[in-house]
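Just protein.cif here, mmCIF, C-alpha atoms:
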```
data_entry
loop_
_atom_site.group_PDB
_atom_site.id
_atom_site.type_symbol
_atom_site.label_atom_id
_atom_site.label_comp_id
_atom_site.auth_asym_id
_atom_site.auth_seq_id
_atom_site.Cartn_x
_atom_site.Cartn_y
_atom_site.Cartn_z
ATOM 1 C CA MET X 484 -15.161 30.792 52.732
ATOM 2 C CA LYS X 485 -16.208 34.200 54.080
ATOM 3 C CA LYS X 486 -12.965 35.848 55.132
ATOM 4 C CA PRO X 487 -9.793 35.219 53.164
ATOM 5 C CA LEU X 488 -7.805 32.152 54.140
ATOM 6 C CA LYS X 489 -4.285 33.323 55.016
ATOM 7 C CA ILE X 490 -1.500 30.853 54.297
ATOM 8 C CA VAL X 491 2.280 30.957 54.687
ATOM 9 C CA VAL X 492 4.324 28.248 52.992
ATOM 10 C CA ALA X 493 8.040 28.143 53.806
ATOM 11 C CA GLY X 494 10.972 25.919 53.019
ATOM 12 C CA GLU X 495 14.464 25.824 51.688
ATOM 13 C CA GLY X 496 15.156 27.211 48.251
ATOM 14 C CA GLY X 497 14.538 24.437 45.747
ATOM 15 C CA GLN X 498 11.805 22.669 47.738
ATOM 16 C CA GLY X 499 9.103 24.065 45.474
ATOM 17 C CA VAL X 500 7.500 26.484 47.929
ATOM 18 C CA GLN X 501 6.773 29.094 45.251
ATOM 19 C CA ALA X 502 5.463 26.469 42.844
ATOM 20 C CA VAL X 503 2.945 25.246 45.446
ATOM 21 C CA ALA X 504 1.684 28.775 46.097
ATOM 22 C CA GLU X 505 1.502 29.614 42.385
ATOM 23 C CA ILE X 506 -0.407 26.445 41.522
ATOM 24 C CA LEU X 507 -2.870 26.960 44.383
ATOM 25 C CA ALA X 508 -3.324 30.613 43.401
ATOM 26 C CA GLU X 509 -3.971 29.628 39.781
ATOM 27 C CA ALA X 510 -6.496 26.951 40.765
ATOM 28 C CA ALA X 511 -8.333 29.290 43.164
ATOM 29 C CA TYR X 512 -8.418 32.083 40.576
ATOM 30 C CA ASP X 513 -9.813 29.669 37.992
ATOM 31 C CA GLU X 514 -12.560 28.783 40.488
ATOM 32 C CA GLY X 515 -13.521 32.477 40.582
ATOM 33 C CA LYS X 516 -12.038 33.216 43.996
ATOM 34 C CA GLU X 517 -10.162 36.317 45.018
ATOM 35 C CA VAL X 518 -6.451 35.535 45.267
ATOM 36 C CA LEU X 519 -3.348 37.326 46.444
ATOM 37 C CA TYR X 520 0.050 35.650 46.221
ATOM 38 C CA ILE X 521 3.278 37.300 47.353
ATOM 39 C CA PRO X 522 6.568 35.445 46.925
ATOM 40 C CA ALA X 523 9.385 36.286 49.316
ATOM 41 C CA PHE X 524 12.756 34.970 48.323
ATOM 42 C CA GLY X 525 16.185 36.285 47.822
ATOM 43 C CA VAL X 526 19.226 34.215 48.556
ATOM 44 C CA GLU X 527 17.519 30.844 48.790
ATOM 45 C CA GLN X 528 19.575 29.672 45.828
ATOM 46 C CA ARG X 529 22.405 29.915 48.324
ATOM 47 C CA GLY X 530 20.554 28.102 51.057
ATOM 48 C CA GLY X 531 18.078 30.657 52.367
ATOM 49 C CA VAL X 532 14.466 30.163 53.383
ATOM 50 C CA SER X 533 11.829 30.801 50.729
ATOM 51 C CA LEU X 534 8.425 32.092 51.860
ATOM 52 C CA ALA X 535 5.150 32.346 49.970
ATOM 53 C CA TYR X 536 2.199 34.333 51.290
ATOM 54 C CA LEU X 537 -1.158 33.325 49.858
ATOM 55 C CA GLN X 538 -4.638 34.632 50.575
ATOM 56 C CA VAL X 539 -7.758 33.144 49.024
ATOM 57 C CA GLY X 540 -11.332 34.262 49.612
ATOM 58 C CA ASP X 541 -14.730 34.889 48.100
ATOM 59 C CA GLU X 542 -14.554 38.654 48.548
ATOM 60 C CA PRO X 543 -11.853 41.201 47.740
ATOM 61 C CA ILE X 544 -8.780 40.830 49.922
ATOM 62 C CA PRO X 545 -8.435 44.006 52.012
ATOM 63 C CA ALA X 546 -4.683 44.054 52.619
ATOM 64 C CA PRO X 547 -1.678 42.206 51.199
ATOM 65 C CA LYS X 548 0.030 41.727 54.552
ATOM 66 C CA PHE X 549 -1.171 39.874 57.616
ATOM 67 C CA GLU X 550 0.204 39.273 61.070
ATOM 68 C CA LYS X 551 -1.159 35.804 61.792
ATOM 69 C CA ALA X 552 -1.872 33.039 59.330
ATOM 70 C CA ASP X 553 -4.696 30.541 59.358
ATOM 71 C CA ILE X 554 -2.323 27.909 57.988
ATOM 72 C CA VAL X 555 1.469 27.736 58.181
ATOM 73 C CA VAL X 556 3.347 25.066 56.246
ATOM 74 C CA ALA X 557 7.013 24.649 57.205
ATOM 75 C CA LEU X 558 9.094 22.225 55.169
ATOM 76 C CA SER X 559 12.425 22.542 56.981
ATOM 77 C CA GLY X 560 13.780 23.273 60.428
ATOM 78 C CA ARG X 561 14.779 26.788 59.441
ATOM 79 C CA ALA X 562 11.314 27.316 57.972
ATOM 80 C CA VAL X 563 9.760 26.261 61.296
ATOM 81 C CA ARG X 564 11.834 28.863 63.102
ATOM 82 C CA ARG X 565 11.246 31.535 60.459
ATOM 83 C CA THR X 566 7.440 31.182 60.441
ATOM 84 C CA ARG X 567 6.779 31.184 64.191
ATOM 85 C CA GLN X 568 5.862 34.872 64.031
ATOM 86 C CA TYR X 569 2.827 34.041 61.857
ATOM 87 C CA VAL X 570 1.388 31.526 64.344
ATOM 88 C CA GLY X 571 -1.489 32.487 66.610
ATOM 89 C CA PRO X 572 -4.085 30.593 68.644
ATOM 90 C CA GLU X 573 -6.196 29.891 65.527
ATOM 91 C CA THR X 574 -3.310 28.769 63.303
ATOM 92 C CA ILE X 575 -2.943 25.239 61.995
ATOM 93 C CA PHE X 576 0.782 24.503 61.754
ATOM 94 C CA ILE X 577 1.844 21.824 59.273
ATOM 95 C CA TYR X 578 5.439 20.639 59.254
ATOM 96 C CA ASP X 579 7.456 17.912 57.621
ATOM 97 C CA THR X 580 8.583 15.245 60.076
ATOM 98 C CA HIS X 581 11.939 15.085 58.291
ATOM 99 C CA ALA X 582 12.636 18.732 59.222
ATOM 100 C CA ASP X 583 15.585 19.261 61.522
ATOM 101 C CA VAL X 584 13.550 20.641 64.409
ATOM 102 C CA GLN X 585 13.307 19.903 68.105
ATOM 103 C CA GLU X 586 9.877 19.500 69.668
ATOM 104 C CA GLU X 587 10.385 22.594 71.824
ATOM 105 C CA GLU X 588 10.885 24.658 68.642
ATOM 106 C CA LEU X 589 7.380 23.877 67.403
ATOM 107 C CA PRO X 590 4.865 26.645 68.122
ATOM 108 C CA LYS X 591 2.903 25.625 71.209
ATOM 109 C CA GLU X 592 0.424 28.461 70.682
ATOM 110 C CA ALA X 593 -0.882 26.916 67.450
ATOM 111 C CA LYS X 594 -4.424 25.596 67.427
ATOM 112 C CA ARG X 595 -3.178 22.340 65.912
ATOM 113 C CA LEU X 596 0.206 20.870 64.984
ATOM 114 C CA ILE X 597 0.148 18.492 62.028
ATOM 115 C CA PRO X 598 3.273 16.468 61.304
ATOM 116 C CA ILE X 599 3.462 15.073 57.760
ATOM 117 C CA PRO X 600 6.114 12.595 56.596
ATOM 118 C CA GLY X 601 6.220 14.272 53.186
ATOM 119 C CA ILE X 602 9.884 13.871 52.302
ATOM 120 C CA GLU X 603 9.917 10.283 53.548
ATOM 121 C CA VAL X 604 6.795 9.270 51.627
ATOM 122 C CA ALA X 605 7.937 11.057 48.464
ATOM 123 C CA ARG X 606 11.303 9.285 48.586
ATOM 124 C CA LYS X 607 9.940 5.824 49.376
ATOM 125 C CA GLU X 608 6.726 5.754 47.360
ATOM 126 C CA LEU X 609 6.983 8.373 44.616
ATOM 127 C CA HIS X 610 10.006 10.515 43.774
ATOM 128 C CA PRO X 611 11.722 13.247 45.819
ATOM 129 C CA ARG X 612 10.948 15.917 43.222
ATOM 130 C CA VAL X 613 7.191 15.654 43.845
ATOM 131 C CA PHE X 614 7.564 16.306 47.574
ATOM 132 C CA ASN X 615 6.062 19.773 47.166
ATOM 133 C CA ILE X 616 3.040 18.450 45.265
ATOM 134 C CA LEU X 617 2.461 15.892 48.014
ATOM 135 C CA ILE X 618 2.469 18.740 50.567
ATOM 136 C CA MET X 619 0.090 20.695 48.336
ATOM 137 C CA GLY X 620 -2.310 17.734 48.408
ATOM 138 C CA ALA X 621 -2.271 17.748 52.204
ATOM 139 C CA LEU X 622 -2.945 21.483 52.221
ATOM 140 C CA ILE X 623 -5.869 21.082 49.815
ATOM 141 C CA LYS X 624 -7.388 18.320 51.952
ATOM 142 C CA LEU X 625 -7.066 20.313 55.189
ATOM 143 C CA THR X 626 -8.417 23.583 53.824
ATOM 144 C CA SER X 627 -10.616 22.741 50.821
ATOM 145 C CA ILE X 628 -8.964 25.823 49.315
ATOM 146 C CA VAL X 629 -9.506 24.379 45.827
ATOM 147 C CA GLY X 630 -10.997 21.251 44.369
ATOM 148 C CA LEU X 631 -8.831 18.337 43.285
ATOM 149 C CA GLU X 632 -9.743 18.682 39.605
ATOM 150 C CA ASP X 633 -8.969 22.407 39.648
ATOM 151 C CA ALA X 634 -5.620 21.650 41.264
ATOM 152 C CA LYS X 635 -4.885 19.136 38.510
ATOM 153 C CA ARG X 636 -5.810 21.699 35.840
ATOM 154 C CA ALA X 637 -3.499 24.244 37.454
ATOM 155 C CA LEU X 638 -0.749 21.601 37.547
ATOM 156 C CA GLU X 639 -1.287 21.091 33.817
ATOM 157 C CA LYS X 640 -0.912 24.819 33.192
ATOM 158 C CA ARG X 641 2.267 24.987 35.254
ATOM 159 C CA LEU X 642 3.897 21.702 34.222
ATOM 160 C CA GLY X 643 2.134 20.733 30.993
ATOM 161 C CA HIS X 644 5.243 21.311 28.887
ATOM 162 C CA ARG X 645 7.117 18.798 31.056
ATOM 163 C CA PHE X 646 4.210 16.367 30.948
ATOM 164 C CA GLU X 647 4.315 16.492 27.135
ATOM 165 C CA LYS X 648 7.994 15.527 27.132
ATOM 166 C CA ASP X 649 7.513 12.788 29.740
ATOM 167 C CA PRO X 650 3.867 11.693 30.204
ATOM 168 C CA SER X 651 4.780 9.595 33.257
ATOM 169 C CA LEU X 652 5.388 12.869 35.152
ATOM 170 C CA ARG X 653 1.683 13.712 34.916
ATOM 171 C CA GLU X 654 0.690 10.497 36.698
ATOM 172 C CA LEU X 655 3.501 10.910 39.231
ATOM 173 C CA ASN X 656 2.319 14.410 40.140
ATOM 174 C CA TYR X 657 -1.320 13.332 40.325
ATOM 175 C CA ARG X 658 -0.369 10.428 42.599
ATOM 176 C CA ALA X 659 1.646 12.816 44.796
ATOM 177 C CA LEU X 660 -1.350 15.148 45.075
ATOM 178 C CA GLU X 661 -3.660 12.300 46.055
ATOM 179 C CA LYS X 662 -1.093 10.745 48.426
ATOM 180 C CA GLY X 663 -0.724 14.086 50.204
ATOM 181 C CA MET X 664 -4.493 14.298 50.611
ATOM 182 C CA ALA X 665 -4.502 10.796 52.108
ATOM 183 C CA LEU X 666 -1.841 11.707 54.689
ATOM 184 C CA VAL X 667 -4.084 14.089 56.630
ATOM 185 C CA SER X 668 -7.537 13.983 58.153
#
```
How does the structure come out when it is put into structure tokens?
Amino acid sequence: MKKPLKIVVAGEGGQGVQAVAEILAEAAYDEGKEVLYIPAFGVEQRGGVSLAYLQVGDEPIPAPKFEKADIVVALSGRAVRRTRQYVGPETIFIYDTHADVQEEELPKEAKRLIPIPGIEVARKELHPRVFNILIMGALIKLTSIVGLEDAKRALEKRLGHRFEKDPSLRELNYRALEKGMALVS
């Protein structure tokens, strides 16, 4: 990873966008990578779109802002519309198939569009609250931003107190991570 990988993750408040970015940032930092994470949220508790900007690289990150992302992850229809400005000809655009979005709203200029049935799979096979971890698994598989074991360690740091209270949550989150990885190629 020569230049920093620039990622935008967006979704509705409560979908775990910030948690995904924080966990990935923690895992990448623990691997010795340079990391910059900027949360952008305000009124998402009232239904707004939450954005997380994440850069990960092997060398110091030159600037906190960027115009075009390498990866955009949009978890809702409004997130799709809100993140279009970060899409360029080299951007991989990942979106949830459950998002309320018309095909013509998807960014045609993206290098690759990747639909993921994250909400559907989480509801049917896991639990809706691990939807974000499932998406994180897909992101890890597509980018190799961090290793699976480092992601699990970062999950432990972030959610370990919950895992202690309910050990079944650990396995549920690990399964969501692995299921997300299996959803993409």
Given all atoms listed in the file as the counted atoms, nearest of X:Leu660, X:Leu537, X:Ala510, X:Ile554 to Ala621 (chain X):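 For Ala621 (chain X), the nearest of the given residues is X:Leu660.
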Selection: 12 Å around Val532 (chain X), all atoms listed in the file, excl. self and same-chain fewer than 3 positions, as an MDAnalysis selection string: chainID X and resid 492:501 522:529 535 557:566
Exercise: region 591-605 of chain X partners within 10 Å, only C-alpha atoms, chain neighbours under 3 positions left out, as JSON, numbers by chain: {"X": [553, 554, 555, 556, 557, 558, 567, 569, 570, 571, 572, 573, 574, 575, 576, 577, 578, 579, 580, 581, 582, 586, 587, 588, 608, 609, 610, 611, 612, 613, 614, 615, 616, 617, 618, 621, 659, 662, 663, 666, 667, 668]}
Nearest to Ala511 (chain X), chosen from X:Lys607, X:Lys548, X:Arg636, X:Lys624, with all atoms listed in the file counted in the distances: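 Under the stated criterion, the closest residue is X:Arg636.
Residues matched by the PyMOL selection byres ((chain X and resi 515) around 12) in this file: Ala508, Glu509, Ala510, Ala511, Tyr512, Asp513, Glu514, Lys516, Glu517, Val518, Val539, Gly540, Asp541, Glu542, Pro543, Ile628, Val629 and Asp633 of chain X.
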Distance criterion (only C-alpha atoms): nearest to Tyr657 (chain X) out of X:Ala552, X:Leu631, X:Val584, X:Leu622: X:Leu631
Point-to-point distance in Å for CA of Glu505 (chain X) and CA of Gln538 (chain X):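 Computed distance, CA of Gln538 (chain X) to CA of Glu505 (chain X), equals 11.4 Å.
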Could you write out as lines of an AutoDock Vina configuration file the box around region 547-562 of chain X (axis-aligned, all atoms listed in the file, 8 Å on each side), with centre and edge lengths in Å to one decimal?
```
center_x = 5.0
center_y = 32.2
center_z = 56.5
size_x = 35.5
size_y = 36.0
size_z = 26.6
```
